[in-house]
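One file, run.txt, carrying compact mmCIF, C-alpha atoms (C1' of nucleotides):
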# COMPACT_ATOMS: atom_id res chain seq x y z
CA MET A 1 101.85 71.17 76.97
CA ASP A 2 103.69 73.50 74.62
CA MET A 3 105.72 76.20 76.25
CA CYS A 4 106.95 79.50 74.89
CA GLU A 5 110.59 80.55 75.10
CA SER A 6 109.98 82.52 78.25
CA CYS A 7 108.38 79.61 80.10
CA GLN A 8 111.06 77.20 78.96
CA TYR A 9 113.70 79.51 80.36
CA ASN A 10 111.78 79.67 83.61
CA MET A 11 111.71 75.89 83.79
CA GLN A 12 115.47 75.80 83.39
CA VAL A 13 115.82 78.19 86.31
CA ILE A 14 113.54 76.02 88.43
CA GLU A 15 115.68 72.99 87.65
CA LYS A 16 118.75 74.94 88.62
CA ILE A 17 117.14 75.93 91.90
CA LYS A 18 115.92 72.51 92.88
CA ASN A 19 117.98 70.03 94.87
CA GLN A 20 120.68 72.47 95.76
CA VAL A 21 121.98 73.61 99.09
CA PRO A 22 120.85 77.22 99.39
CA ASP A 23 123.67 79.45 98.17
CA ASN A 24 123.91 82.13 100.82
CA GLU A 25 125.26 84.74 98.45
CA LEU A 26 122.40 84.27 96.01
CA THR A 27 119.68 84.08 98.66
CA THR A 28 121.01 87.27 100.24
CA LYS A 29 120.82 89.01 96.88
CA LEU A 30 117.29 87.71 96.42
CA ALA A 31 116.17 88.78 99.90
CA ASP A 32 117.69 92.23 99.45
CA MET A 33 115.87 92.68 96.17
CA PHE A 34 112.59 91.45 97.64
CA LYS A 35 113.09 94.01 100.42
CA ILE A 36 113.15 96.79 97.85
CA PHE A 37 109.72 95.67 96.64
CA GLY A 38 108.50 95.22 100.20
CA ASP A 39 107.26 98.73 100.78
CA ASN A 40 103.91 100.14 99.83
CA THR A 41 105.25 103.51 98.75
CA ARG A 42 107.85 101.94 96.49
CA ILE A 43 105.31 99.56 94.96
CA ARG A 44 102.98 102.47 94.30
CA ILE A 45 105.79 104.44 92.69
CA LEU A 46 106.69 101.53 90.41
CA TRP A 47 103.02 101.03 89.61
CA THR A 48 102.72 104.71 88.71
CA LEU A 49 105.71 104.43 86.41
CA PHE A 50 104.42 101.32 84.63
CA ASP A 51 102.90 103.14 81.69
CA LYS A 52 104.95 106.33 81.48
CA GLU A 53 107.85 108.28 82.91
CA MET A 54 106.95 110.94 85.46
CA CYS A 55 108.65 113.77 87.33
CA VAL A 56 109.06 113.79 91.08
CA TYR A 57 106.43 116.41 91.76
CA ASP A 58 103.78 114.60 89.74
CA ILE A 59 104.50 111.29 91.43
CA ALA A 60 104.24 112.97 94.83
CA GLU A 61 100.94 114.58 93.89
CA LYS A 62 99.49 111.41 92.41
CA LEU A 63 100.36 109.45 95.54
CA SER A 64 99.46 112.30 97.90
CA MET A 65 102.83 112.23 99.56
CA SER A 66 105.55 114.75 100.28
CA GLN A 67 108.19 115.49 97.65
CA SER A 68 110.88 114.53 100.14
CA ALA A 69 109.44 111.14 100.95
CA ILE A 70 109.08 110.35 97.25
CA SER A 71 112.57 111.56 96.46
CA HIS A 72 114.06 109.37 99.16
CA GLN A 73 112.27 106.31 97.83
CA LEU A 74 113.21 107.16 94.25
CA LYS A 75 116.81 107.12 95.38
CA THR A 76 116.35 103.67 96.88
CA LEU A 77 114.73 102.40 93.71
CA ARG A 78 117.41 103.96 91.54
CA GLN A 79 120.22 102.48 93.62
CA ALA A 80 118.57 99.09 93.14
CA ARG A 81 118.59 99.80 89.40
CA LEU A 82 114.83 99.33 89.16
CA ILE A 83 114.29 102.84 87.82
CA LYS A 84 116.38 105.39 85.97
CA SER A 85 116.25 109.17 85.88
CA ARG A 86 116.66 111.81 83.23
CA ARG A 87 116.94 115.57 83.72
CA ASP A 88 114.88 117.92 81.61
CA GLY A 89 115.40 121.47 82.80
CA LYS A 90 114.14 121.79 86.33
CA ASN A 91 112.48 118.41 86.30
CA ALA A 92 113.82 114.93 86.87
CA PHE A 93 111.87 112.31 85.04
CA TYR A 94 111.89 108.77 86.35
CA SER A 95 111.02 105.57 84.52
CA ILE A 96 111.24 101.83 84.93
CA ASP A 97 114.75 100.64 84.14
CA ASP A 98 114.24 96.91 83.98
CA ASP A 99 111.90 94.68 82.03
CA HIS A 100 111.68 92.29 84.96
CA VAL A 101 110.03 94.77 87.28
CA LYS A 102 106.64 94.29 85.67
CA LYS A 103 107.00 90.53 85.61
CA ILE A 104 108.04 90.39 89.24
CA ILE A 105 105.10 92.47 90.44
CA GLU A 106 102.76 90.72 88.03
CA GLN A 107 103.74 87.36 89.45
CA MET A 108 102.97 88.63 92.94
CA VAL A 109 99.63 90.04 91.79
CA ILE A 110 98.73 86.60 90.50
CA HIS A 111 99.66 85.18 93.88
CA VAL A 112 97.80 87.59 96.14
CA GLU A 113 94.70 87.69 93.99
CA GLU A 114 93.75 84.07 94.59
CA MET B 1 105.53 85.17 69.03
CA ASP B 2 103.44 82.28 70.24
CA MET B 3 102.68 82.26 73.91
CA CYS B 4 101.66 79.44 76.19
CA GLU B 5 98.63 79.63 78.46
CA SER B 6 100.70 80.76 81.38
CA CYS B 7 102.28 83.65 79.53
CA GLN B 8 98.98 84.72 78.03
CA TYR B 9 97.51 84.91 81.48
CA ASN B 10 100.48 86.96 82.59
CA MET B 11 99.91 89.38 79.74
CA GLN B 12 96.31 89.83 80.86
CA VAL B 13 97.50 90.71 84.34
CA ILE B 14 99.94 93.23 82.91
CA GLU B 15 97.15 94.86 80.94
CA LYS B 16 95.05 95.01 84.08
CA ILE B 17 97.87 96.66 85.96
CA LYS B 18 98.71 99.26 83.33
CA ASN B 19 97.10 102.67 83.19
CA GLN B 20 95.43 102.41 86.54
CA VAL B 21 95.70 104.54 89.60
CA PRO B 22 97.51 102.38 92.13
CA ASP B 23 94.93 100.63 94.27
CA ASN B 24 96.22 101.14 97.79
CA GLU B 25 94.63 97.98 99.12
CA LEU B 26 96.25 95.83 96.46
CA THR B 27 99.66 97.51 96.64
CA THR B 28 99.65 97.07 100.41
CA LYS B 29 98.93 93.37 99.99
CA LEU B 30 101.73 93.14 97.43
CA ALA B 31 104.24 94.99 99.60
CA ASP B 32 103.35 92.86 102.63
CA MET B 33 103.87 89.70 100.63
CA PHE B 34 107.19 90.97 99.21
CA LYS B 35 108.24 91.69 102.80
CA ILE B 36 107.77 88.03 103.68
CA PHE B 37 110.22 87.11 100.92
CA GLY B 38 112.54 89.93 101.94
CA ASP B 39 114.55 88.04 104.52
CA ASN B 40 117.50 85.79 103.89
CA THR B 41 116.51 83.19 106.47
CA ARG B 42 113.00 82.87 105.05
CA ILE B 43 114.30 82.63 101.49
CA ARG B 44 116.71 79.91 102.56
CA ILE B 45 113.92 78.02 104.29
CA LEU B 46 111.73 78.19 101.19
CA TRP B 47 114.68 77.15 99.06
CA THR B 48 115.29 74.18 101.33
CA LEU B 49 111.67 73.15 101.04
CA PHE B 50 111.61 73.37 97.24
CA ASP B 51 112.26 69.72 96.60
CA LYS B 52 110.90 68.05 99.72
CA GLU B 53 109.15 68.53 103.03
CA MET B 54 111.38 68.75 106.09
CA CYS B 55 111.04 68.83 109.86
CA VAL B 56 112.09 71.81 111.94
CA TYR B 57 115.21 70.26 113.38
CA ASP B 58 116.54 69.26 109.95
CA ILE B 59 115.91 72.71 108.53
CA ALA B 60 117.70 74.29 111.48
CA GLU B 61 120.64 71.97 111.05
CA LYS B 62 120.85 72.44 107.30
CA LEU B 63 120.85 76.20 107.69
CA SER B 64 123.08 76.18 110.80
CA MET B 65 120.60 78.18 112.82
CA SER B 66 118.84 77.73 116.15
CA GLN B 67 115.62 75.77 116.32
CA SER B 68 113.93 78.80 117.81
CA ALA B 69 114.90 81.16 115.04
CA ILE B 70 113.72 78.69 112.41
CA SER B 71 110.47 78.02 114.22
CA HIS B 72 109.69 81.72 114.43
CA GLN B 73 110.26 82.16 110.72
CA LEU B 74 108.26 79.06 109.92
CA LYS B 75 105.38 80.64 111.78
CA THR B 76 105.72 83.80 109.71
CA LEU B 77 105.78 81.80 106.49
CA ARG B 78 102.82 79.69 107.59
CA GLN B 79 100.75 82.74 108.51
CA ALA B 80 101.46 84.10 105.04
CA ARG B 81 100.21 80.76 103.68
CA LEU B 82 103.45 80.13 101.83
CA ILE B 83 104.09 76.88 103.66
CA LYS B 84 101.97 74.32 105.45
CA SER B 85 102.75 71.96 108.30
CA ARG B 86 101.89 68.39 109.12
CA ARG B 87 102.48 66.60 112.38
CA ASP B 88 103.96 63.13 112.41
CA GLY B 89 104.56 62.03 115.95
CA LYS B 90 107.05 64.31 117.57
CA ASN B 91 107.98 65.96 114.31
CA ALA B 92 106.37 68.80 112.39
CA PHE B 93 106.98 68.55 108.69
CA TYR B 94 106.82 71.69 106.63
CA SER B 95 106.34 72.02 102.89
CA ILE B 96 105.62 74.66 100.28
CA ASP B 97 101.89 75.43 100.26
CA ASP B 98 101.62 77.44 97.07
CA ASP B 99 102.64 76.77 93.49
CA HIS B 100 103.46 80.44 93.02
CA VAL B 101 106.26 80.46 95.57
CA LYS B 102 108.67 78.86 93.13
CA LYS B 103 107.62 81.13 90.29
CA ILE B 104 108.00 84.23 92.42
CA ILE B 105 111.49 83.33 93.57
CA GLU B 106 112.40 82.08 90.13
CA GLN B 107 111.42 85.41 88.60
CA MET B 108 113.64 87.18 91.09
CA VAL B 109 116.51 84.81 90.37
CA ILE B 110 116.22 85.72 86.71
CA HIS B 111 116.34 89.38 87.68
CA VAL B 112 119.33 89.32 90.03
CA GLU B 113 121.38 86.98 87.85
CA GLU B 114 121.79 89.46 85.01
C1' DC C 1 103.13 59.70 135.35
C1' DA C 2 107.80 61.16 134.86
C1' DT C 3 111.09 61.88 131.39
C1' DT C 4 112.81 62.91 126.96
C1' DC C 5 112.69 64.79 122.51
C1' DA C 6 110.73 68.10 119.12
C1' DT C 7 108.59 72.22 118.49
C1' DA C 8 106.36 76.62 119.79
C1' DT C 9 106.15 81.00 122.03
C1' DG C 10 106.99 85.22 125.01
C1' DT C 11 110.30 88.72 126.04
C1' DT C 12 114.16 91.44 125.36
C1' DC C 13 117.54 93.82 122.79
C1' DA C 14 120.02 95.59 118.98
C1' DT C 15 119.48 97.00 114.45
C1' DG C 16 117.07 98.54 110.34
C1' DT C 17 113.71 101.48 107.99
C1' DG C 18 110.41 105.21 106.43
C1' DT C 19 108.85 109.65 107.14
C1' DT C 20 109.32 114.47 108.55
C1' DC C 21 111.70 118.66 108.94
C1' DA C 22 115.19 121.69 107.67
C1' DT C 23 118.32 122.78 104.36
C1' DA C 24 121.23 122.34 100.26
C1' DT C 25 121.75 122.03 95.30
C1' DA C 26 120.42 122.71 90.52
C1' DT C 27 118.10 124.92 86.80
C1' DA C 28 115.43 128.54 84.77
C1' DT C 29 113.58 133.30 84.69
C1' DT C 30 113.48 138.12 85.48
C1' DA D 1 122.75 138.66 90.33
C1' DA D 2 118.47 137.81 92.63
C1' DT D 3 114.58 135.01 92.82
C1' DA D 4 111.55 131.13 92.05
C1' DT D 5 110.88 126.39 91.17
C1' DA D 6 112.19 121.49 91.29
C1' DT D 7 114.76 118.08 93.34
C1' DA D 8 118.13 116.06 96.59
C1' DT D 9 120.04 115.25 101.03
C1' DG D 10 121.20 115.05 106.08
C1' DA D 11 119.54 114.43 110.74
C1' DA D 12 116.23 112.97 113.92
C1' DC D 13 112.49 110.41 115.40
C1' DA D 14 109.11 106.70 115.74
C1' DC D 15 108.37 102.26 114.57
C1' DA D 16 109.25 97.59 112.77
C1' DT D 17 111.89 93.45 112.80
C1' DG D 18 115.03 89.40 113.55
C1' DA D 19 117.69 86.74 116.67
C1' DA D 20 118.85 85.17 121.35
C1' DC D 21 117.37 83.40 125.52
C1' DA D 22 114.33 81.30 128.59
C1' DT D 23 110.45 78.77 129.00
C1' DA D 24 106.18 76.39 127.71
C1' DT D 25 103.69 72.94 125.14
C1' DG D 26 102.96 68.52 122.86
C1' DA D 27 103.93 63.78 121.85
C1' DA D 28 106.19 59.40 122.56
C1' DT D 29 108.32 56.06 125.70
C1' DG D 30 109.82 53.85 129.74
File written out as structure tokens:
Amino acid sequence: MDMCESCQYNMQVIEKIKNQVPDNELTTKLADMFKIFGDNTRIRILWTLFDKEMCVYDIAEKLSMSQSAISHQLKTLRQARLIKSRRDGKNAFYSIDDDHVKKIIEQMVIHVEE
Amino acid sequence: MDMCESCQYNMQVIEKIKNQVPDNELTTKLADMFKIFGDNTRIRILWTLFDKEMCVYDIAEKLSMSQSAISHQLKTLRQARLIKSRRDGKNAFYSIDDDHVKKIIEQMVIHVEE
DNA sequence: CATTCATATGTTCATGTGTTCATATATATT
DNA sequence: AATATATATGAACACATGAACATATGAATG
């Protein structure tokens, strides 16, 4: 079967993964990153930011949560470099910072929806 | 750019995700599944099982952890349907139960390795 | 059937995590 | 400068979680 560039790259990664003793440094990095995704509020924030950047207040309203709770989670997501922020006057606008975020969540959607 | 079946399917999922109000039921499922991956021991177990099935004792030895700790995590992974078990005499052999497991971890490897 | 080996499970404990509440900071407006 | 609005942050609390330890279960073997 013909594969596109993206899938070929993925196959290379799989080959790299296979037949190796688990590298503790890498697996720790992986687990830590999975942890960031492992919270409903953070997933909902990322989901909300999929199509457009949004300010803190609007995210909080859309998700029916307090500004503080959202702000705390935005900090977590920003520290993990999954989102970035930009100031515009009184507002701070947040947006997805990494192309992989969609792919990672998408892959999990495929998994849970079967 | 030409895309293979797999990538085309992924694109469809992306389209489905975009521009929607986050569905709390789905995002909860996603977060819960990410949580399962969000532990170094569990990632290392999955990693170990990538190429072949293994019994509990061998996994514990390979990862230098107690049999109890491994068994507990195997239960977690089994309940999440990420691995399956098979008895052979005194031994319980575990193996990856879902094709997506590799893809999910692989996608995260791509992310953290940049 | 008693023993041994492999695995599973219940409990406990220390640690981590997410939200709330109160408050601080930053920017704009009057 | 005083005030209002938007966001960030620190502390505290409730809750979740992973490993250790002790023990139970299950299967083979004498």
Check your understanding: Which residues of chain A are close to chain D, meaning at most 8 Å apart when you count all atoms listed in the file, and how do they look as a VMD selection string?
Key -> chain A and resid 56 to 57 71 90 to 92
**Study point:** Shortest interatomic distance to chain B - which of A:Asp88, A:Lys29, A:Met65, A:Ile83, counting all atoms listed in the file
**Key:** A:Lys29
Exercise for review: Name the residues in contact with Thr48 of chain B at a cut-off of 12 Å, using only C-alpha atoms (C1' of nucleotides), excluding same-chain residues fewer than 5 positions from it; report them as a ChimeraX atom specification.
Suggested key: /A:17-24,27 /B:41-43,53-56,58-63,83,94-96,102
**Study point:** Coordinates-based distance that separates atom CA of Arg44 of chain B from atom C1' of DA8 of chain C (Å, one decimal)
**Key:**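 Separation of atom C1' of DA8 of chain C and atom CA of Arg44 of chain B: 20.4 Å.
Of the listed residues C:DT7, C:DT17, C:DT25, C:DT12, the one whose atoms come nearest to chain B is C:DT7, with distances taken using all atoms listed in the file.
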Practice item. Name the closest residue to chain A among the candidates C:DT29, C:DG10, C:DT20, C:DC1; distances are taken between atoms, counting only C-alpha atoms (C1' of nucleotides). Key: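 That would be C:DT20, the residue with the smallest distance to chain A.
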Counting all atoms listed in the file, give me one row per residue of chain C with an atom at most 8 Å from an atom of chain A, showing the shortest contact pair and its distance in Å to one decimal, sorted by chain then residue number, as a tab-separated table.
residue	atom	partner	partner_atom	distance
C:DT19	C1'	A:Ala69	CA	6.4
C:DA26	C1'	A:Lys90	CA	7.6
C:DT27	C1'	A:Lys90	CA	5.1
C:DA28	C1'	A:Lys90	CA	7.0
Review point. Atom CA of Gln79 of chain B and atom CA of Asn40 of chain A, how far apart in Å?
Key: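 Those two atoms sit 19.7 Å apart.
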Exercise for review: Please measure the separation of atom CA of Lys75 of chain A and atom CA of Glu106 of chain B, giving the value in Å to one decimal.
Suggested key: 26.0 Å
Point to revise | Pick from A:Gly38, A:Leu49, A:Ser64, A:Lys103, whichever lies nearest to chain B using only C-alpha atoms | key: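 Smallest distance to chain B is found for A:Gly38.
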Review point. When distances are computed from all atoms listed in the file, which of B:Trp47, B:Gln12, B:Glu25, B:Asp97 shows the smallest separation from chain A?
Key: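 For chain A, the nearest of the candidates is B:Trp47.
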